[in-house]
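Have a look at the structure below before the remarks.
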Amino acid sequence: MTMRTLPVGDRALLIELADGEEAEALHAELLRRRATGALPAVGEIVPAARTVLLDGLADPARLARELPGWEIPPLPARAEEAVEVPVRYDGPDLAAVAALWQVTEDDVAEIHSAAEFRVAFCGFAPGFGYLTGLPQRYAVPRRDTPRASVPAGSLGLAGPYSGVYPRSSPGGWQLIGTTELELWDPARVPAALFAPGVRVRFVREGE
């Protein structure tokens, strides 16, 4: 695993990885080491597309020196049940995605719902998770012209990621479906259904 460490202020460290898979694997290892007491005290561990930020470190430089010697195992399978998201594959960009994949619209639904996803990281809006799990050949570009308003519950694709808009907002992802599941509820504990590392399955409604 190739990584580059960058200081962020006096108490944080940004770790750059080669790709999203390496970032997910490092994030999982950091969580494992924190749980077993093998990681120096840290305030927050925040994964992103190809980076992991550790904030609240007493000695970031020391950890930066130690990290290259770590053995990072492959991303482990998670034992807990996946979050199931009921979905109707009825999005306005379903036909465009089918054309890009060179399959039928029903095939898009079959392919997408057959995959098992993992939340790689969160961002953009509270409760929005960037989900990996589709093979690289199904990556799709964002729309040339973003929509001014995407309805809450819209299931979209962009690059290698799938994601569900937790609330109405502008967006440029290719919309292939909708769900009524509430992904973000401030009155709920936890407020977000998606968190880094959580497994997710999309279930076609009626099946």
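All residue names refer to the structure tokens as shown: chains lettered A, B, ... in order, residues numbered from 1 in each chain, ligands numbered from 1 in order.
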Near Glu205 (chain A), within 10 Å and counting only C-alpha atoms, which residues show up once chain neighbours fewer than 2 positions away are dropped, as a ChimeraX atom specification? /A:85-89,179,202-203,207
Shell around region 95-110 of chain A at 12 Å using only C-alpha atoms, local window under 3 positions removed, as a PDB file with C-alpha atoms, in the first residue's frame:
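Now in selection-v7.pdb:
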ATOM      1  CA  VAL A  87     -36.210   0.974  -4.074  1.00  0.00           C
ATOM      2  CA  ARG A  88     -38.281   1.473  -7.198  1.00  0.00           C
ATOM      3  CA  TYR A  89     -36.091   1.582 -10.294  1.00  0.00           C
ATOM      4  CA  ASP A  90     -38.034   4.383 -11.935  1.00  0.00           C
ATOM      5  CA  GLY A  91     -35.523   7.233 -12.152  1.00  0.00           C
ATOM      6  CA  PRO A  92     -35.533   9.721 -15.036  1.00  0.00           C
ATOM      7  CA  SER A 113     -29.971  -4.739  -6.793  1.00  0.00           C
ATOM      8  CA  ALA A 114     -27.793  -7.875  -7.041  1.00  0.00           C
ATOM      9  CA  ALA A 115     -24.697  -6.016  -5.823  1.00  0.00           C
ATOM     10  CA  LEU A 134     -20.590  -2.049  -8.580  1.00  0.00           C
ATOM     11  CA  PRO A 135     -17.845  -3.382 -10.892  1.00  0.00           C
ATOM     12  CA  GLN A 136     -15.774  -0.674 -12.545  1.00  0.00           C
ATOM     13  CA  ARG A 137     -17.332  -1.382 -15.953  1.00  0.00           C
ATOM     14  CA  TYR A 138     -20.613   0.078 -14.645  1.00  0.00           C
ATOM     15  CA  ALA A 139     -19.132   3.466 -13.718  1.00  0.00           C
ATOM     16  CA  VAL A 140     -21.097   6.304 -15.338  1.00  0.00           C
ATOM     17  CA  PRO A 141     -20.334  10.008 -15.798  1.00  0.00           C
ATOM     18  CA  ARG A 142     -22.242  12.724 -14.004  1.00  0.00           C
ATOM     19  CA  ARG A 143     -24.849  14.585 -16.020  1.00  0.00           C
ATOM     20  CA  LEU A 155     -31.043   6.875  -6.029  1.00  0.00           C
ATOM     21  CA  GLY A 156     -28.224   8.023  -8.262  1.00  0.00           C
ATOM     22  CA  LEU A 157     -24.984   6.873  -9.874  1.00  0.00           C
ATOM     23  CA  ALA A 158     -21.831   8.915 -10.502  1.00  0.00           C
ATOM     24  CA  GLY A 159     -18.432   7.501 -11.384  1.00  0.00           C
ATOM     25  CA  TRP A 173     -25.876  12.236 -10.525  1.00  0.00           C
ATOM     26  CA  GLN A 174     -27.661   9.885 -12.936  1.00  0.00           C
ATOM     27  CA  LEU A 175     -30.978   9.087 -11.211  1.00  0.00           C
ATOM     28  CA  ILE A 176     -32.115   5.472 -11.588  1.00  0.00           C
ATOM     29  CA  GLY A 177     -34.603   4.996  -8.767  1.00  0.00           C
ATOM     30  CA  THR A 178     -36.381   6.238  -5.644  1.00  0.00           C
ATOM     31  CA  PHE A 202     -30.955  -2.267  -2.526  1.00  0.00           C
ATOM     32  CA  VAL A 203     -34.123  -4.368  -2.646  1.00  0.00           C
ATOM     33  CA  ARG A 204     -36.532  -3.968  -5.535  1.00  0.00           C
ATOM     34  CA  GLU A 205     -39.960  -3.208  -4.158  1.00  0.00           C
ATOM     35  CA  GLU A 207     -39.614  -8.748  -4.382  1.00  0.00           C
TER      36      GLU A 207
END
Distance query region 16-26 of chain A at most 6 Å, only C-alpha atoms, self and fewer than 6 positions along chain excluded, as a PDB file with all heavy atoms, in the first residue's frame:
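That gives us around.pdb:
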ATOM      1  N   MET A   3       1.246   5.183   0.588  1.00  0.00           N
ATOM      2  CA  MET A   3       0.547   6.269   1.271  1.00  0.00           C
ATOM      3  C   MET A   3       1.482   7.459   1.441  1.00  0.00           C
ATOM      4  O   MET A   3       2.703   7.326   1.487  1.00  0.00           O
ATOM      5  CB  MET A   3       0.013   5.801   2.623  1.00  0.00           C
ATOM      6  CG  MET A   3       1.082   5.418   3.631  1.00  0.00           C
ATOM      7  SD  MET A   3       0.353   4.942   5.231  1.00  0.00           S
ATOM      8  CE  MET A   3      -0.346   3.338   4.821  1.00  0.00           C
ATOM      9  N   ARG A   4       0.853   8.640   1.511  1.00  0.00           N
ATOM     10  CA  ARG A   4       1.591   9.872   1.784  1.00  0.00           C
ATOM     11  C   ARG A   4       0.911  10.560   2.946  1.00  0.00           C
ATOM     12  O   ARG A   4      -0.319  10.680   2.972  1.00  0.00           O
ATOM     13  CB  ARG A   4       1.596  10.785   0.554  1.00  0.00           C
ATOM     14  CG  ARG A   4       2.421  12.056   0.751  1.00  0.00           C
ATOM     15  CD  ARG A   4       2.639  12.783  -0.565  1.00  0.00           C
ATOM     16  NE  ARG A   4       1.440  13.437  -1.036  1.00  0.00           N
ATOM     17  CZ  ARG A   4       1.413  14.708  -1.480  1.00  0.00           C
ATOM     18  NH1 ARG A   4       2.510  15.427  -1.504  1.00  0.00           N
ATOM     19  NH2 ARG A   4       0.284  15.229  -1.918  1.00  0.00           N
ATOM     20  N   ALA A  49     -12.650   9.950  -0.377  1.00  0.00           N
ATOM     21  CA  ALA A  49     -12.509   9.123  -1.579  1.00  0.00           C
ATOM     22  C   ALA A  49     -11.162   8.421  -1.642  1.00  0.00           C
ATOM     23  O   ALA A  49     -11.090   7.221  -1.945  1.00  0.00           O
ATOM     24  CB  ALA A  49     -12.697   9.988  -2.828  1.00  0.00           C
ATOM     25  N   ARG A  50     -10.064   9.138  -1.373  1.00  0.00           N
ATOM     26  CA  ARG A  50      -8.736   8.525  -1.403  1.00  0.00           C
ATOM     27  C   ARG A  50      -7.862   9.008  -0.250  1.00  0.00           C
ATOM     28  O   ARG A  50      -6.636   8.956  -0.336  1.00  0.00           O
ATOM     29  CB  ARG A  50      -8.041   8.829  -2.744  1.00  0.00           C
ATOM     30  CG  ARG A  50      -8.667   8.122  -3.933  1.00  0.00           C
ATOM     31  CD  ARG A  50      -7.870   8.338  -5.210  1.00  0.00           C
ATOM     32  NE  ARG A  50      -7.856   9.744  -5.590  1.00  0.00           N
ATOM     33  CZ  ARG A  50      -8.814  10.348  -6.300  1.00  0.00           C
ATOM     34  NH1 ARG A  50      -9.867   9.651  -6.700  1.00  0.00           N
ATOM     35  NH2 ARG A  50      -8.732  11.624  -6.605  1.00  0.00           N
ATOM     36  N   THR A  51      -8.495   9.487   0.805  1.00  0.00           N
ATOM     37  CA  THR A  51      -7.761   9.971   1.965  1.00  0.00           C
ATOM     38  C   THR A  51      -8.446   9.537   3.260  1.00  0.00           C
ATOM     39  O   THR A  51      -9.626   9.180   3.262  1.00  0.00           O
ATOM     40  CB  THR A  51      -7.659  11.512   1.980  1.00  0.00           C
ATOM     41  OG1 THR A  51      -8.981  12.070   2.078  1.00  0.00           O
ATOM     42  CG2 THR A  51      -6.967  12.035   0.729  1.00  0.00           C
ATOM     43  N   LEU A  75      -9.540  -5.398   2.873  1.00  0.00           N
ATOM     44  CA  LEU A  75     -10.772  -4.943   3.505  1.00  0.00           C
ATOM     45  C   LEU A  75     -11.554  -6.139   4.031  1.00  0.00           C
ATOM     46  O   LEU A  75     -11.892  -7.050   3.268  1.00  0.00           O
ATOM     47  CB  LEU A  75     -11.615  -4.170   2.484  1.00  0.00           C
ATOM     48  CG  LEU A  75     -12.730  -3.297   3.024  1.00  0.00           C
ATOM     49  CD1 LEU A  75     -12.163  -2.183   3.905  1.00  0.00           C
ATOM     50  CD2 LEU A  75     -13.526  -2.713   1.882  1.00  0.00           C
TER      51      LEU A  75
END
Polymer residues at most 12 Å from Gly123 (chain A), only C-alpha atoms, same-chain spacing of 4 or more positions, as number ranges by chain: A: 46-49, 119, 127-131, 163-166, 192, 194-196
DSSP strand (DSSP E) residues within chain A, as a VMD selection string: chain A and resid 3 to 8 12 to 17 44 to 47 51 to 55 83 to 87 117 to 122 129 to 132 147 to 150 154 to 158 161 to 164 169 to 171 174 to 178 199 to 204
Write out the residues from the selection above, keeping C-alpha atoms, as a PDB file, in the first residue's frame.
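Generated output (result29.pdb):
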ATOM      1  CA  MET A   3       0.547   6.269   1.271  1.00  0.00           C
ATOM      2  CA  ARG A   4       1.591   9.872   1.784  1.00  0.00           C
ATOM      3  CA  THR A   5       1.134  11.621   5.110  1.00  0.00           C
ATOM      4  CA  LEU A   6       0.566  15.355   5.369  1.00  0.00           C
ATOM      5  CA  PRO A   7       0.362  17.387   8.593  1.00  0.00           C
ATOM      6  CA  VAL A   8      -2.812  19.413   9.063  1.00  0.00           C
ATOM      7  CA  ALA A  12      -4.122  16.325  12.627  1.00  0.00           C
ATOM      8  CA  LEU A  13      -2.731  14.086   9.908  1.00  0.00           C
ATOM      9  CA  LEU A  14      -4.050  13.578   6.384  1.00  0.00           C
ATOM     10  CA  ILE A  15      -3.160  10.248   4.772  1.00  0.00           C
ATOM     11  CA  GLU A  16      -3.359  10.047   0.981  1.00  0.00           C
ATOM     12  CA  LEU A  17      -3.826   6.612  -0.635  1.00  0.00           C
ATOM     13  CA  GLU A  44     -11.896  11.800  14.800  1.00  0.00           C
ATOM     14  CA  ILE A  45     -11.131   9.414  11.940  1.00  0.00           C
ATOM     15  CA  VAL A  46     -12.690  10.735   8.734  1.00  0.00           C
ATOM     16  CA  PRO A  47     -12.447   8.745   5.472  1.00  0.00           C
ATOM     17  CA  THR A  51      -7.761   9.971   1.965  1.00  0.00           C
ATOM     18  CA  VAL A  52      -8.224   9.422   5.694  1.00  0.00           C
ATOM     19  CA  LEU A  53      -7.991  12.311   8.164  1.00  0.00           C
ATOM     20  CA  LEU A  54      -7.031  11.748  11.798  1.00  0.00           C
ATOM     21  CA  ASP A  55      -7.782  14.729  14.019  1.00  0.00           C
ATOM     22  CA  VAL A  83     -29.011  -2.045   5.736  1.00  0.00           C
ATOM     23  CA  GLU A  84     -31.751  -2.864   3.245  1.00  0.00           C
ATOM     24  CA  VAL A  85     -33.051  -0.003   1.129  1.00  0.00           C
ATOM     25  CA  PRO A  86     -36.358  -0.676  -0.674  1.00  0.00           C
ATOM     26  CA  VAL A  87     -36.210   0.974  -4.074  1.00  0.00           C
ATOM     27  CA  PHE A 117     -22.544  -2.149  -1.362  1.00  0.00           C
ATOM     28  CA  ARG A 118     -20.383  -0.628   1.337  1.00  0.00           C
ATOM     29  CA  VAL A 119     -20.384   2.984   2.518  1.00  0.00           C
ATOM     30  CA  ALA A 120     -16.905   4.188   1.576  1.00  0.00           C
ATOM     31  CA  PHE A 121     -17.344   7.642   3.097  1.00  0.00           C
ATOM     32  CA  CYS A 122     -19.984  10.266   3.787  1.00  0.00           C
ATOM     33  CA  GLY A 129     -23.127   7.999   1.750  1.00  0.00           C
ATOM     34  CA  TYR A 130     -20.842   7.260  -1.188  1.00  0.00           C
ATOM     35  CA  LEU A 131     -21.404   3.546  -1.816  1.00  0.00           C
ATOM     36  CA  THR A 132     -18.974   1.228  -3.590  1.00  0.00           C
ATOM     37  CA  ARG A 147     -30.460  19.436 -11.864  1.00  0.00           C
ATOM     38  CA  ALA A 148     -31.418  22.454  -9.762  1.00  0.00           C
ATOM     39  CA  SER A 149     -33.449  20.210  -7.454  1.00  0.00           C
ATOM     40  CA  VAL A 150     -33.231  16.448  -6.928  1.00  0.00           C
ATOM     41  CA  SER A 154     -33.522   9.669  -5.293  1.00  0.00           C
ATOM     42  CA  LEU A 155     -31.043   6.875  -6.029  1.00  0.00           C
ATOM     43  CA  GLY A 156     -28.224   8.023  -8.262  1.00  0.00           C
ATOM     44  CA  LEU A 157     -24.984   6.873  -9.874  1.00  0.00           C
ATOM     45  CA  ALA A 158     -21.831   8.915 -10.502  1.00  0.00           C
ATOM     46  CA  TYR A 161     -20.436   5.365  -6.645  1.00  0.00           C
ATOM     47  CA  SER A 162     -24.096   4.860  -5.848  1.00  0.00           C
ATOM     48  CA  GLY A 163     -25.867   7.230  -3.484  1.00  0.00           C
ATOM     49  CA  VAL A 164     -29.272   8.253  -2.169  1.00  0.00           C
ATOM     50  CA  SER A 169     -30.908  19.435  -3.185  1.00  0.00           C
ATOM     51  CA  PRO A 170     -29.145  20.280  -6.437  1.00  0.00           C
ATOM     52  CA  GLY A 171     -27.286  17.360  -7.975  1.00  0.00           C
ATOM     53  CA  GLN A 174     -27.661   9.885 -12.936  1.00  0.00           C
ATOM     54  CA  LEU A 175     -30.978   9.087 -11.211  1.00  0.00           C
ATOM     55  CA  ILE A 176     -32.115   5.472 -11.588  1.00  0.00           C
ATOM     56  CA  GLY A 177     -34.603   4.996  -8.767  1.00  0.00           C
ATOM     57  CA  THR A 178     -36.381   6.238  -5.644  1.00  0.00           C
ATOM     58  CA  ARG A 199     -23.037  -2.684   4.249  1.00  0.00           C
ATOM     59  CA  VAL A 200     -26.035  -1.771   2.078  1.00  0.00           C
ATOM     60  CA  ARG A 201     -28.367  -3.746  -0.179  1.00  0.00           C
ATOM     61  CA  PHE A 202     -30.955  -2.267  -2.526  1.00  0.00           C
ATOM     62  CA  VAL A 203     -34.123  -4.368  -2.646  1.00  0.00           C
ATOM     63  CA  ARG A 204     -36.532  -3.968  -5.535  1.00  0.00           C
TER      64      ARG A 204
END
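Of the residues under consideration (A:Pro160, A:Pro126, A:Pro151, A:Gly43), A:Pro126 shows the shortest atom-to-atom contact distance to Asp185 (chain A) when counting only C-alpha atoms.
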Of the residues A:Gly133, A:Pro186, A:Gly197, A:Ala152, which is the one nearest to His112 (chain A), using only C-alpha atoms? A:Gly133
CA of Asp144 (chain A) sits from CA of Glu180 (chain A) at a separation of 26.9 Å
Write out as a VMD selection string all residues of region 30-200 of chain A that backbone DSSP assigns to helix (DSSP H, G or I). chain A and resid 30 to 36 60 to 69 94 to 101 105 to 114 136 to 138
Write out as JSON, numbers by chain the residues lying within 12 Å of Gly69 (chain A), counting only C-alpha atoms and excluding same-chain residues fewer than 5 positions away. {"A": [1, 2, 3, 63, 64]}
Between CA of Leu31 (chain A) and CA of Leu181 (chain A), measure the distance and give it in Å to one decimal.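 Straight-line distance from CA of Leu31 (chain A) to CA of Leu181 (chain A) works out to 27.9 Å.
Of the residues under consideration (A:Pro73, A:Glu29, A:Arg11, A:Ala35), A:Arg11 shows the shortest atom-to-atom contact distance to Asp59 (chain A) when counting only C-alpha atoms.
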CA of Pro74 (chain A) and CA of Leu30 (chain A), how far apart in Å? 12.8 Å
